[in-house]
Structures are given as C-alpha cells and as structure tokens.
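Q: This one is work-v5.txt, compact mmCIF, C-alpha atoms.
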# COMPACT_ATOMS: atom_id res chain seq x y z
CA MET A 23 0.00 0.00 0.00
CA SER A 24 1.27 3.49 -0.91
CA ASP A 25 1.78 6.14 1.76
CA LEU A 26 0.59 8.80 -0.71
CA THR A 27 -2.83 10.42 -0.35
CA LEU A 28 -4.88 11.48 -3.34
CA ALA A 29 -6.16 15.04 -2.90
CA VAL A 30 -8.88 16.67 -5.01
CA ASP A 31 -9.69 20.40 -5.06
CA ILE A 32 -12.88 21.42 -6.88
CA GLY A 33 -13.41 25.10 -7.67
CA GLY A 34 -15.38 27.31 -9.98
CA THR A 35 -12.36 28.12 -12.16
CA LYS A 36 -10.29 24.96 -11.89
CA PHE A 37 -10.22 21.32 -10.86
CA ALA A 38 -6.99 20.10 -9.29
CA ALA A 39 -5.77 16.70 -8.18
CA GLY A 40 -2.50 15.81 -6.51
CA LEU A 41 -0.53 13.19 -4.66
CA VAL A 42 0.51 14.26 -1.18
CA GLU A 43 3.14 12.73 1.06
CA PRO A 44 2.55 12.19 4.82
CA ASP A 45 4.45 15.41 5.58
CA GLY A 46 2.07 17.46 3.43
CA ARG A 47 4.36 17.83 0.43
CA VAL A 48 2.58 17.75 -2.96
CA VAL A 49 4.75 15.55 -5.18
CA ALA A 50 2.58 15.51 -8.30
CA ALA A 51 -0.39 17.56 -9.44
CA GLN A 52 -2.65 18.05 -12.43
CA ARG A 53 -5.05 20.93 -13.09
CA SER A 54 -7.84 21.54 -15.55
CA ALA A 55 -10.15 24.47 -16.21
CA THR A 56 -13.68 23.99 -14.91
CA PRO A 57 -15.99 23.58 -17.93
CA ARG A 58 -18.20 26.65 -18.11
CA GLY A 59 -21.84 25.65 -18.05
CA GLY A 60 -20.96 21.96 -17.92
CA ASP A 61 -23.67 19.49 -16.96
CA ALA A 62 -23.20 16.89 -14.23
CA GLU A 63 -21.53 14.25 -16.38
CA THR A 64 -19.32 16.76 -18.21
CA LEU A 65 -17.99 17.96 -14.87
CA TRP A 66 -17.49 14.38 -13.67
CA LYS A 67 -15.66 13.41 -16.86
CA THR A 68 -13.39 16.43 -16.43
CA LEU A 69 -12.47 15.17 -12.97
CA THR A 70 -11.95 11.56 -14.04
CA GLY A 71 -9.81 12.72 -16.97
CA LEU A 72 -7.71 14.70 -14.53
CA LEU A 73 -7.28 11.64 -12.32
CA ASP A 74 -6.33 9.52 -15.33
CA ARG A 75 -3.58 11.99 -16.21
CA LEU A 76 -2.33 12.05 -12.62
CA GLU A 77 -2.07 8.24 -12.56
CA PRO A 78 -2.27 7.66 -8.79
CA PRO A 79 -0.40 4.51 -7.74
CA PRO A 80 -2.35 1.43 -6.64
CA GLY A 81 -3.31 1.42 -2.98
CA VAL A 82 -3.20 5.12 -2.11
CA ALA A 83 -3.82 5.72 1.61
CA GLY A 84 -7.06 7.58 1.02
CA VAL A 85 -8.82 10.34 -0.89
CA GLY A 86 -9.38 13.84 0.49
CA ILE A 87 -11.69 16.29 -1.30
CA GLY A 88 -12.26 20.02 -0.97
CA CYS A 89 -15.28 21.40 -2.83
CA GLY A 90 -17.31 24.56 -2.82
CA GLY A 91 -20.66 24.40 -1.08
CA PRO A 92 -23.34 24.02 -0.17
CA MET A 93 -23.07 20.29 0.39
CA THR A 94 -24.56 17.63 2.59
CA TRP A 95 -21.79 16.75 4.99
CA PRO A 96 -20.22 14.28 5.55
CA ALA A 97 -22.19 12.43 2.82
CA GLY A 98 -20.64 14.72 0.21
CA GLU A 99 -23.57 15.46 -2.10
CA VAL A 100 -22.43 18.78 -3.55
CA SER A 101 -24.25 21.76 -5.08
CA PRO A 102 -21.52 24.38 -5.65
CA LEU A 103 -23.02 27.81 -6.24
CA ASN A 104 -20.64 28.47 -9.13
CA MET A 105 -21.22 25.10 -10.85
CA GLY A 106 -24.87 24.80 -11.83
CA GLY A 107 -24.34 21.36 -13.36
CA TRP A 108 -23.86 19.78 -9.95
CA ARG A 109 -26.97 19.89 -7.80
CA GLY A 110 -26.99 17.20 -5.13
CA PHE A 111 -24.20 15.45 -7.05
CA PRO A 112 -22.89 12.42 -5.08
CA LEU A 113 -19.22 13.37 -5.37
CA ARG A 114 -17.97 11.44 -2.37
CA GLU A 115 -19.95 8.35 -3.36
CA ARG A 116 -18.64 8.46 -6.94
CA LEU A 117 -15.03 8.74 -5.80
CA ALA A 118 -15.52 6.02 -3.20
CA ALA A 119 -16.73 3.72 -5.98
CA ARG A 120 -13.65 4.54 -8.05
CA PHE A 121 -11.31 4.01 -5.07
CA PRO A 122 -12.93 1.24 -2.99
CA GLY A 123 -11.71 0.06 0.39
CA ILE A 124 -9.96 3.27 1.49
CA PRO A 125 -11.13 6.40 3.35
CA VAL A 126 -12.79 9.01 1.11
CA ARG A 127 -13.38 12.27 2.98
CA ILE A 128 -14.79 15.62 1.89
CA HIS A 129 -15.14 19.12 3.29
CA ASN A 130 -15.88 22.66 2.16
CA ASP A 131 -13.01 24.16 0.17
CA ALA A 132 -12.59 27.14 2.51
CA ILE A 133 -12.36 24.76 5.47
CA CYS A 134 -9.69 22.78 3.64
CA LEU A 135 -7.68 25.98 3.15
CA ALA A 136 -7.95 26.73 6.87
CA VAL A 137 -6.87 23.17 7.68
CA ALA A 138 -3.88 23.50 5.36
CA GLU A 139 -2.72 26.68 7.10
CA HIS A 140 -3.09 25.09 10.53
CA TRP A 141 -1.35 21.86 9.52
CA ARG A 142 1.50 23.14 7.36
CA GLY A 143 1.19 26.92 7.03
CA ALA A 144 0.99 30.11 9.06
CA GLY A 145 -1.17 28.50 11.75
CA ARG A 146 1.20 25.72 12.82
CA GLY A 147 1.32 25.44 16.59
CA SER A 148 -1.86 27.43 17.23
CA ALA A 149 -4.49 25.76 19.39
CA ALA A 150 -7.19 28.34 18.64
CA MET A 151 -7.25 29.67 15.09
CA LEU A 152 -9.59 30.94 12.41
CA GLY A 153 -8.44 30.46 8.83
CA MET A 154 -10.14 32.85 6.39
CA VAL A 155 -10.40 33.18 2.62
CA VAL A 156 -11.31 36.60 1.19
CA SER A 157 -11.85 36.30 -2.52
CA THR A 158 -14.92 36.09 -4.75
CA GLY A 159 -16.59 35.03 -1.49
CA VAL A 160 -15.59 35.04 2.16
CA GLY A 161 -15.29 31.76 4.05
CA GLY A 162 -13.34 30.14 6.82
CA GLY A 163 -12.60 27.24 9.10
CA LEU A 164 -12.32 27.12 12.88
CA ILE A 165 -9.68 25.31 14.93
CA LEU A 166 -10.20 25.01 18.70
CA GLY A 167 -8.20 22.82 21.03
CA GLY A 168 -5.97 22.02 18.06
CA ARG A 169 -8.83 20.31 16.20
CA LEU A 170 -11.13 21.30 13.38
CA ILE A 171 -14.57 22.26 14.66
CA ASP A 172 -17.30 21.08 12.28
CA GLY A 173 -20.50 22.25 13.93
CA GLY A 174 -23.82 20.52 13.41
CA THR A 175 -23.70 20.49 9.59
CA GLY A 176 -20.00 20.95 8.83
CA ASN A 177 -20.32 24.73 8.46
CA ALA A 178 -18.64 26.03 11.63
CA GLY A 179 -16.31 28.94 10.97
CA HIS A 180 -18.41 30.37 8.12
CA ILE A 181 -17.43 33.93 9.01
CA GLY A 182 -18.63 35.33 5.70
CA HIS A 183 -22.15 35.48 7.09
CA VAL A 184 -21.33 37.21 10.35
CA VAL A 185 -23.32 40.46 10.25
CA VAL A 186 -21.11 43.54 10.43
CA ASP A 187 -23.68 46.15 9.33
CA PRO A 188 -27.36 45.28 9.92
CA GLY A 189 -28.41 48.07 7.58
CA GLY A 190 -25.82 47.13 4.98
CA PRO A 191 -26.09 45.77 1.45
CA PRO A 192 -28.04 42.62 0.59
CA CYS A 193 -26.11 39.36 0.67
CA GLY A 194 -26.50 36.35 -1.58
CA CYS A 195 -27.65 34.37 1.46
CA GLY A 196 -30.80 36.50 1.65
CA GLY A 197 -29.72 38.62 4.62
CA ASN A 198 -28.26 42.11 4.82
CA GLY A 199 -24.92 43.44 5.99
CA CYS A 200 -22.99 40.16 6.03
CA LEU A 201 -19.22 40.41 5.90
CA GLU A 202 -19.26 38.67 2.51
CA ALA A 203 -21.66 41.26 1.06
CA ILE A 204 -19.18 44.02 1.91
CA ALA A 205 -15.73 42.43 1.56
CA ARG A 206 -16.05 39.94 -1.31
CA GLY A 207 -14.05 41.10 -4.30
CA PRO A 208 -16.85 41.60 -6.84
CA GLY A 209 -19.10 43.34 -4.30
CA LEU A 210 -16.27 45.62 -3.27
CA ALA A 211 -15.59 46.62 -6.88
CA ALA A 212 -19.31 47.20 -7.50
CA TRP A 213 -19.50 49.51 -4.47
CA ALA A 214 -16.55 51.51 -5.76
CA VAL A 215 -18.12 51.86 -9.23
CA ALA A 216 -21.32 53.12 -7.59
CA GLN A 217 -19.23 55.79 -5.81
CA GLY A 218 -17.79 56.97 -9.12
CA TRP A 219 -14.64 54.87 -9.44
CA SER A 220 -13.28 54.53 -12.97
CA PRO A 221 -10.80 51.64 -13.26
CA GLY A 222 -7.29 52.76 -14.10
CA ARG A 223 -8.01 56.47 -13.65
CA ALA A 224 -5.21 56.74 -11.09
CA GLY A 225 -2.68 55.53 -13.64
CA SER A 226 -1.93 52.38 -11.66
CA PRO A 227 0.42 49.74 -13.03
CA GLN A 228 -0.59 46.16 -13.85
CA GLU A 229 -2.88 44.68 -11.22
CA PRO A 230 -1.06 43.04 -8.28
CA GLY A 231 -0.81 39.28 -8.18
CA ARG A 232 -1.26 38.74 -11.93
CA ALA A 233 2.09 37.14 -12.63
CA SER A 234 1.57 33.66 -13.98
CA GLU A 235 2.88 30.30 -13.00
CA PRO A 236 3.55 27.70 -15.72
CA GLY A 237 0.26 26.85 -17.34
CA GLY A 238 -1.03 30.40 -17.10
CA GLU A 239 -2.42 30.27 -13.58
CA PRO A 240 -2.11 33.36 -11.38
CA SER A 241 0.61 32.98 -8.79
CA GLY A 242 0.36 33.69 -5.09
CA GLN A 243 -1.99 32.66 -2.30
CA GLY A 244 -5.41 31.77 -3.56
CA GLY A 245 -4.82 33.07 -7.08
CA GLU A 246 -6.99 30.52 -8.84
CA LEU A 247 -9.76 30.95 -6.29
CA TYR A 248 -10.08 34.51 -7.47
CA ARG A 249 -10.97 35.34 -11.05
CA GLU A 250 -13.27 38.14 -12.17
CA GLU A 251 -14.45 39.18 -15.60
CA GLY A 252 -14.11 42.70 -17.05
CA THR A 253 -12.00 45.63 -15.92
CA ALA A 254 -13.85 46.73 -12.76
CA THR A 255 -12.30 44.06 -10.56
CA ALA A 256 -11.04 44.04 -7.01
CA ARG A 257 -7.53 43.43 -8.35
CA ARG A 258 -7.74 46.63 -10.37
CA LEU A 259 -9.31 48.36 -7.37
CA ALA A 260 -6.35 47.40 -5.17
CA ALA A 261 -3.92 48.60 -7.82
CA ASP A 262 -5.72 51.94 -8.08
CA ALA A 263 -5.78 52.26 -4.29
CA ALA A 264 -2.02 51.73 -4.23
CA ALA A 265 -1.73 54.50 -6.82
CA GLY A 266 -3.70 56.86 -4.58
CA ASP A 267 -7.20 56.83 -6.09
CA PRO A 268 -9.39 58.18 -3.25
CA ILE A 269 -12.46 56.07 -4.05
CA ALA A 270 -10.38 52.91 -4.35
CA LEU A 271 -8.70 53.74 -1.04
CA ALA A 272 -12.10 54.25 0.59
CA ALA A 273 -13.29 50.90 -0.76
CA MET A 274 -10.28 49.03 0.61
CA THR A 275 -10.70 50.78 3.96
CA ARG A 276 -14.39 49.79 4.01
CA ALA A 277 -13.53 46.15 3.35
CA GLY A 278 -10.68 46.12 5.88
CA ARG A 279 -12.84 47.59 8.61
CA ALA A 280 -15.62 45.09 7.94
CA LEU A 281 -13.11 42.27 8.22
CA GLY A 282 -11.73 43.71 11.45
CA VAL A 283 -15.20 43.94 13.02
CA ALA A 284 -16.09 40.37 12.02
CA ILE A 285 -12.77 39.00 13.26
CA ALA A 286 -13.22 40.84 16.55
CA SER A 287 -16.58 39.11 17.04
CA ALA A 288 -14.99 35.73 16.34
CA VAL A 289 -12.10 36.45 18.71
CA ASN A 290 -14.40 37.54 21.53
CA LEU A 291 -16.60 34.49 21.04
CA CYS A 292 -13.92 31.82 20.56
CA ASP A 293 -10.84 33.17 22.41
CA LEU A 294 -8.61 32.88 19.34
CA ASP A 295 -4.82 33.13 19.26
CA LEU A 296 -4.46 33.59 15.52
CA VAL A 297 -6.36 34.46 12.36
CA THR A 298 -4.89 33.72 8.93
CA VAL A 299 -6.25 35.58 5.91
CA GLY A 300 -5.73 34.22 2.41
CA GLY A 301 -7.42 34.47 -0.97
CA GLY A 302 -7.00 36.93 -3.80
CA LEU A 303 -8.00 40.09 -1.96
CA SER A 304 -5.48 39.44 0.83
CA GLN A 305 -2.73 40.22 -1.69
CA ALA A 306 -3.62 43.90 -1.31
CA GLY A 307 -1.35 43.97 1.77
CA ASP A 308 -1.45 47.03 4.03
CA LEU A 309 -4.29 48.57 2.03
CA LEU A 310 -6.50 45.86 3.54
CA PHE A 311 -4.62 44.81 6.67
CA GLY A 312 -4.11 48.37 7.94
CA PRO A 313 -7.81 49.25 8.40
CA LEU A 314 -8.47 45.65 9.45
CA GLU A 315 -6.02 45.95 12.35
CA LYS A 316 -7.38 49.33 13.38
CA ALA A 317 -10.99 48.10 13.54
CA LEU A 318 -9.93 44.85 15.23
CA ARG A 319 -8.13 46.67 18.05
CA GLU A 320 -11.10 49.01 18.53
CA HIS A 321 -13.32 46.02 19.23
CA THR A 322 -11.03 43.67 21.19
CA ARG A 323 -10.68 45.58 24.46
CA MET A 324 -10.71 42.57 26.79
CA GLY A 325 -7.27 41.39 27.76
CA PHE A 326 -7.69 37.86 26.43
CA ALA A 327 -8.87 39.18 23.04
CA GLY A 328 -6.08 41.70 22.62
CA ARG A 329 -3.46 39.01 22.19
CA VAL A 330 -4.81 37.77 18.83
CA ARG A 331 -2.58 38.09 15.78
CA VAL A 332 -3.83 38.43 12.19
CA VAL A 333 -1.38 37.26 9.54
CA PRO A 334 -1.46 36.55 5.80
CA ALA A 335 -1.86 32.91 4.83
CA ALA A 336 1.46 31.30 3.98
CA LEU A 337 0.63 28.55 1.49
CA GLY A 338 0.25 29.07 -2.24
CA GLN A 339 -1.80 27.46 -4.97
CA ASP A 340 -1.41 23.94 -3.52
CA ALA A 341 -3.12 24.91 -0.24
CA GLY A 342 -6.43 23.33 -1.27
CA LEU A 343 -4.74 20.03 -2.06
CA VAL A 344 -2.75 20.10 1.20
CA GLY A 345 -5.89 20.73 3.25
CA ALA A 346 -7.88 18.04 1.47
CA ALA A 347 -5.08 15.53 2.06
CA ALA A 348 -4.98 16.45 5.76
CA LEU A 349 -8.53 15.08 6.15
CA VAL A 350 -6.92 11.66 5.61
CA ILE A 351 -3.33 12.06 6.77
CA ALA A 352 -4.14 13.96 9.96
CA GLY A 353 -7.68 12.75 10.45
CA ASP A 354 -7.27 12.62 14.22
CA ARG A 355 -7.34 16.43 14.16
CA TYR A 356 -9.31 17.26 11.04
CA TRP A 357 -11.91 14.51 10.55
CA SER A 358 -14.52 13.52 13.13
CA PRO A 359 -17.45 11.68 11.45
CA GLY A 360 -15.73 8.26 11.23
CA PRO A 361 -14.32 6.39 8.24
Could you quickly redo this structure as structure tokens?

A:
Amino acid sequence: MSDLTLAVDIGGTKFAAGLVEPDGRVVAAQRSATPRGGDAETLWKTLTGLLDRLEPPPGVAGVGIGCGGPMTWPAGEVSPLNMGGWRGFPLRERLAARFPGIPVRIHNDAICLAVAEHWRGAGRGSAAMLGMVVSTGVGGGLILGGRLIDGGTGNAGHIGHVVVDPGGPPCGCGGNGCLEAIARGPGLAAWAVAQGWSPGRAGSPQEPGRASEPGGEPSGQGGELYREEGTATARRLAADAAAGDPIALAAMTRAGRALGVAIASAVNLCDLDLVTVGGGLSQAGDLLFGPLEKALREHTRMGFAGRVRVVPAALGQDAGLVGAAALVIAGDRYWSPGP
C-alpha cells in the first residue's frame, strides 16, 4: 500500500488533483479548467480525466476532497453555487466507488484551506485559530483545542455570514450586511463603481498578483480561487488604491474595517490566538490589513482578546490540495465523522 494520499480540489475556475506525502508535500499535481456551463456528467468526466492523467499509484492511503458548497456533509452530495451542473451530485460516493476500500473524505473548500494553514502553514502550533479566505466570497474554518470544529452540519467557521452592518447591502444568502456582502471582491468593486470609481483612472500599473505560473495560472496565495471578468475588478481596485485613487482607497478601507469587526466578534466568542487571511484580496497587503487591524483593536478591548494576531496565509496554490489531504493524513485532528 502506498503512503501517498490522493487530494482533489474542486473550484469554480479549476479542478486540481494531486498526490501528497505524509508530511504534506505535494509531489505531483494536475489541473484543468472547470468547464463553463458543464452538466453533471461533463464535470465528472473532467475530474476523471484529470485523475487519469495524474495516474495515482495502486493502494493510495485515502482520498481527500475540498469542494465549494453548499453540500450535505459528511455524505458529500455537492451543489456548488458556481457550478450549476452539480446539484446534489454524489461526489464522495462516486469517488468512493472509483477508489474502494480506502477512506474518502470531503469538506468545504474554505475549510480545507484553513486546515492547510493550521497543519503546514501560518497556523502551525496554534491551538485556537480561524483560517479565512477573502476572494470572490468570504469563508473560513475554525480550529479550537488544536482540532477542526465542524458544527452541526459541517459549516462552523463560516465567518462570511457574520453580520457587520445590519443596515448594509443585501447578501446572496438573503440577509443584509454580512461580511461577505461588503468584503467579497466583486461586491467591493461594484461599491466603488457606484461611488464613481473609474478603473485605471489613477494611472496604476498592472494589477497586483497577476504574474503567472507555468500553465497560465495566477501565482500567489489563492490566485486561482479569485478570477473576475471585465475591468472593474477588485484586483484593479487594489492597484488603483495603491496609486492613490481616493475612491479605491475608501473601498479598501471599508472592506478592511468590515473584516476587522467580524474578526473581533470571532475572537471575543472563541478566544482565538491567531487568524490567517488568504485568498485573492489578501494580496492587497497594508491597504487591507491596515484598516483591518485598526478596527480589530477598537473592538477587542478585553485582555484575552487583545493578544490575537492576524497574519497573511502562507501557502500558495497547492493549499487546497494540502488541506484536502490532511482530512486523511491527519484525520485525528481534522476529521470527526468516522471512516
């Protein structure tokens, strides 16, 4: 039997599969663009073709999967919001049939990113951590007592729907003023346009984080989780803010403060040591983290809460694969439902 774990990362822009060693190192990986508008079987065939190209050895230790939600958990029937072809698709069951007799485990993709940071990234050694992704959406995963906390339906740590402004903009969940409604990249850019922002007016250089890795994928933390169409994007917004555009600066401050308020609520509730922030928007650096820190310190006045640190996520484009593999390799900390 091989000591390698097969990891699968399903996203709205790409499918990825990799072989991961027990220490979390990805030793082989394949990626494929997510078919736009693909039906259920087209999406499945894309994944199986990817696995065929990867050629996992016989007897892998298990299969770990990260996939966008919503999903039934731990059964793994997935209905990703950005993949209309999969509605109640039995992803875990299909992969278990392809790889019989070994553990096949699935979790939300944002949770897998949080797990990756705790296991092998910026969160190593923390007993109480929130791992966040700020990108086309806002999600997260919660570690307490050194273990992943699932909650009743596998959705614990979903900080994107913490309310930071009850009178704020509508959210895709049906509520108003959620963190995600304010800080998600596309919503942030739309707010700036409504305030009169014209992309590129400040004479900013090429958008940050657009350098490409081999194969044309954006480099840096969470790059492939974050792709927007058109010119009025959060990447362009961050570039214009860096060039001094006042509306772009106001937008980044608005997002940073919303993040700081939400994180403060999580810290006060869960007594956290550390928060990691990854995803495309986190590449904006001090433009985002500066107002985040200011708002966080305004709302963490208790002594226990004041010790929390907020740091950028450390892992790059393989983070989703590393976190998915951890569901198998380090299941004593990151998997609770059983085999």

Q: What is the CA of Arg276 (chain A)-CA of Gly194 (chain A) distance in Å, reported with one decimal?

A: 18.9 Å

Q: Near region 309-311 of chain A, counting only C-alpha atoms, which residues have an atom at most 8 Å away, once you skip same-chain residues fewer than 6 positions from it, shown as an mmCIF file with C-alpha atoms, keeping the file's coordinate frame?

A:
data_model
loop_
_atom_site.group_PDB
_atom_site.id
_atom_site.type_symbol
_atom_site.label_atom_id
_atom_site.label_comp_id
_atom_site.auth_asym_id
_atom_site.auth_seq_id
_atom_site.Cartn_x
_atom_site.Cartn_y
_atom_site.Cartn_z
ATOM 1 C CA ALA A 260 -6.350 47.400 -5.170
ATOM 2 C CA ALA A 263 -5.780 52.260 -4.290
ATOM 3 C CA ALA A 264 -2.020 51.730 -4.230
ATOM 4 C CA LEU A 271 -8.700 53.740 -1.040
ATOM 5 C CA MET A 274 -10.280 49.030 0.610
ATOM 6 C CA THR A 275 -10.700 50.780 3.960
ATOM 7 C CA ALA A 277 -13.530 46.150 3.350
ATOM 8 C CA GLY A 278 -10.680 46.120 5.880
#

Q: Just give me the gap between CA of Ala254 (chain A) and CA of Val184 (chain A) in Å, one decimal is fine.

A: 26.1 Å

Q: Would you compute the distance between CA of Ala55 (chain A) and CA of His129 (chain A)? Give it in Å to one decimal.

A: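 CA of His129 (chain A) lies at a distance of 20.8 Å from CA of Ala55 (chain A).
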
Q: So which residues fall inside 9 Å of (-9.8, 9.8, 3.9) if we count all atoms listed in the file? Mind giving them as a PyMOL selection string?

A: chain A and resi 27-28+83-87+124-128+346-351+353+357+361

Q: Taking into account only C-alpha atoms, which residue in the set A:Pro268, A:Gly174, A:Gly325, A:Pro44 is nearest to Trp219 (chain A)?

A: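 Ranking A:Pro268, A:Gly174, A:Gly325, A:Pro44 by distance to Trp219 (chain A), first place goes to A:Pro268.
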
Q: For each of A:Val30, A:Val333, A:Leu303, A:Val155, take the minimum atom-to-atom distance to Leu113 (chain A), counting only C-alpha atoms, then give the residue where this is smallest.

A: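 Answer, going by the shortest atom-to-atom distance: A:Val30.
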
Q: Rank nothing, just name the residue among A:Asp31, A:Asp25, A:Asp172, A:Asp131 nearest to Gly91 (chain A), using all atoms listed in the file.

A: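 For Gly91 (chain A), the nearest of the given residues is A:Asp131.
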
Q: Given only C-alpha atoms as the basis, pick out the residue of A:Gly199, A:Gly145, A:Gly173, A:Pro122 nearest to Pro96 (chain A).

A: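 Smallest separation from Pro96 (chain A) among the options: A:Gly173.
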
Q: Using all atoms listed in the file, which protein or nucleic acid residues come within 7 Å of Gly153 (chain A)? Drop anything in the same chain fewer than 4 positions from it, and give the result as a list of chain:residue names.

A: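 Contacts, in chain order: A:Ala136, A:Gly162, A:Gly163, A:Leu164, A:Val297, A:Thr298, A:Val299.
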
Q: Measuring between all atoms listed in the file, which one of A:Val100, A:Cys89, A:Ile32, A:Met105 shows the shortest distance to Ile133 (chain A)?

A: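 Distance minimum relative to Ile133 (chain A) lands on A:Cys89.
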
Q: Could you check the closest approach to Asp61 (chain A) for each of A:Pro313, A:Gly33, A:Gly106, A:Pro334 and tell me which residue wins, using only C-alpha atoms?

A: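 Comparing A:Pro313, A:Gly33, A:Gly106, A:Pro334 against Asp61 (chain A), the winner is A:Gly106.
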
Q: Name the residues in contact with Gly190 (chain A) at a cut-off of 9 Å, using all atoms listed in the file, excluding same-chain residues fewer than 6 positions from it; report them as JSON, numbers by chain.

A: {"A": [198, 199, 200, 203, 204]}

Q: Determine, counting only C-alpha atoms, every residue of protein, DNA or RNA that lies within 10 Å of (-28.6, 13.0, -6.0) in the file coordinates, then give the result as an MDAnalysis selection string.

A: chainID A and resid 99:101 108:113

Q: Hey, what's within 12 Å of Arg355 (chain A) if we count only C-alpha atoms and toss same-chain stuff fewer than 4 positions away? As a PyMOL selection string, please?

A: chain A and resi 137-138+140-141+149+164-172+345+348-351+359

Q: Show me, as a compact mmCIF listing (two decimals) with C-alpha atoms, in the frame of the given file, the residues that have an atom within 9 Å of Leu318 (chain A) when counting only C-alpha atoms, minus same-chain residues fewer than 3 positions from it.

A:
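Output file out-v4.txt is given in full below:
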# COMPACT_ATOMS: atom_id res chain seq x y z
CA ARG A 279 -12.84 47.59 8.61
CA LEU A 281 -13.11 42.27 8.22
CA GLY A 282 -11.73 43.71 11.45
CA VAL A 283 -15.20 43.94 13.02
CA ALA A 284 -16.09 40.37 12.02
CA ILE A 285 -12.77 39.00 13.26
CA ALA A 286 -13.22 40.84 16.55
CA SER A 287 -16.58 39.11 17.04
CA PRO A 313 -7.81 49.25 8.40
CA LEU A 314 -8.47 45.65 9.45
CA GLU A 315 -6.02 45.95 12.35
CA HIS A 321 -13.32 46.02 19.23
CA THR A 322 -11.03 43.67 21.19
CA GLY A 328 -6.08 41.70 22.62
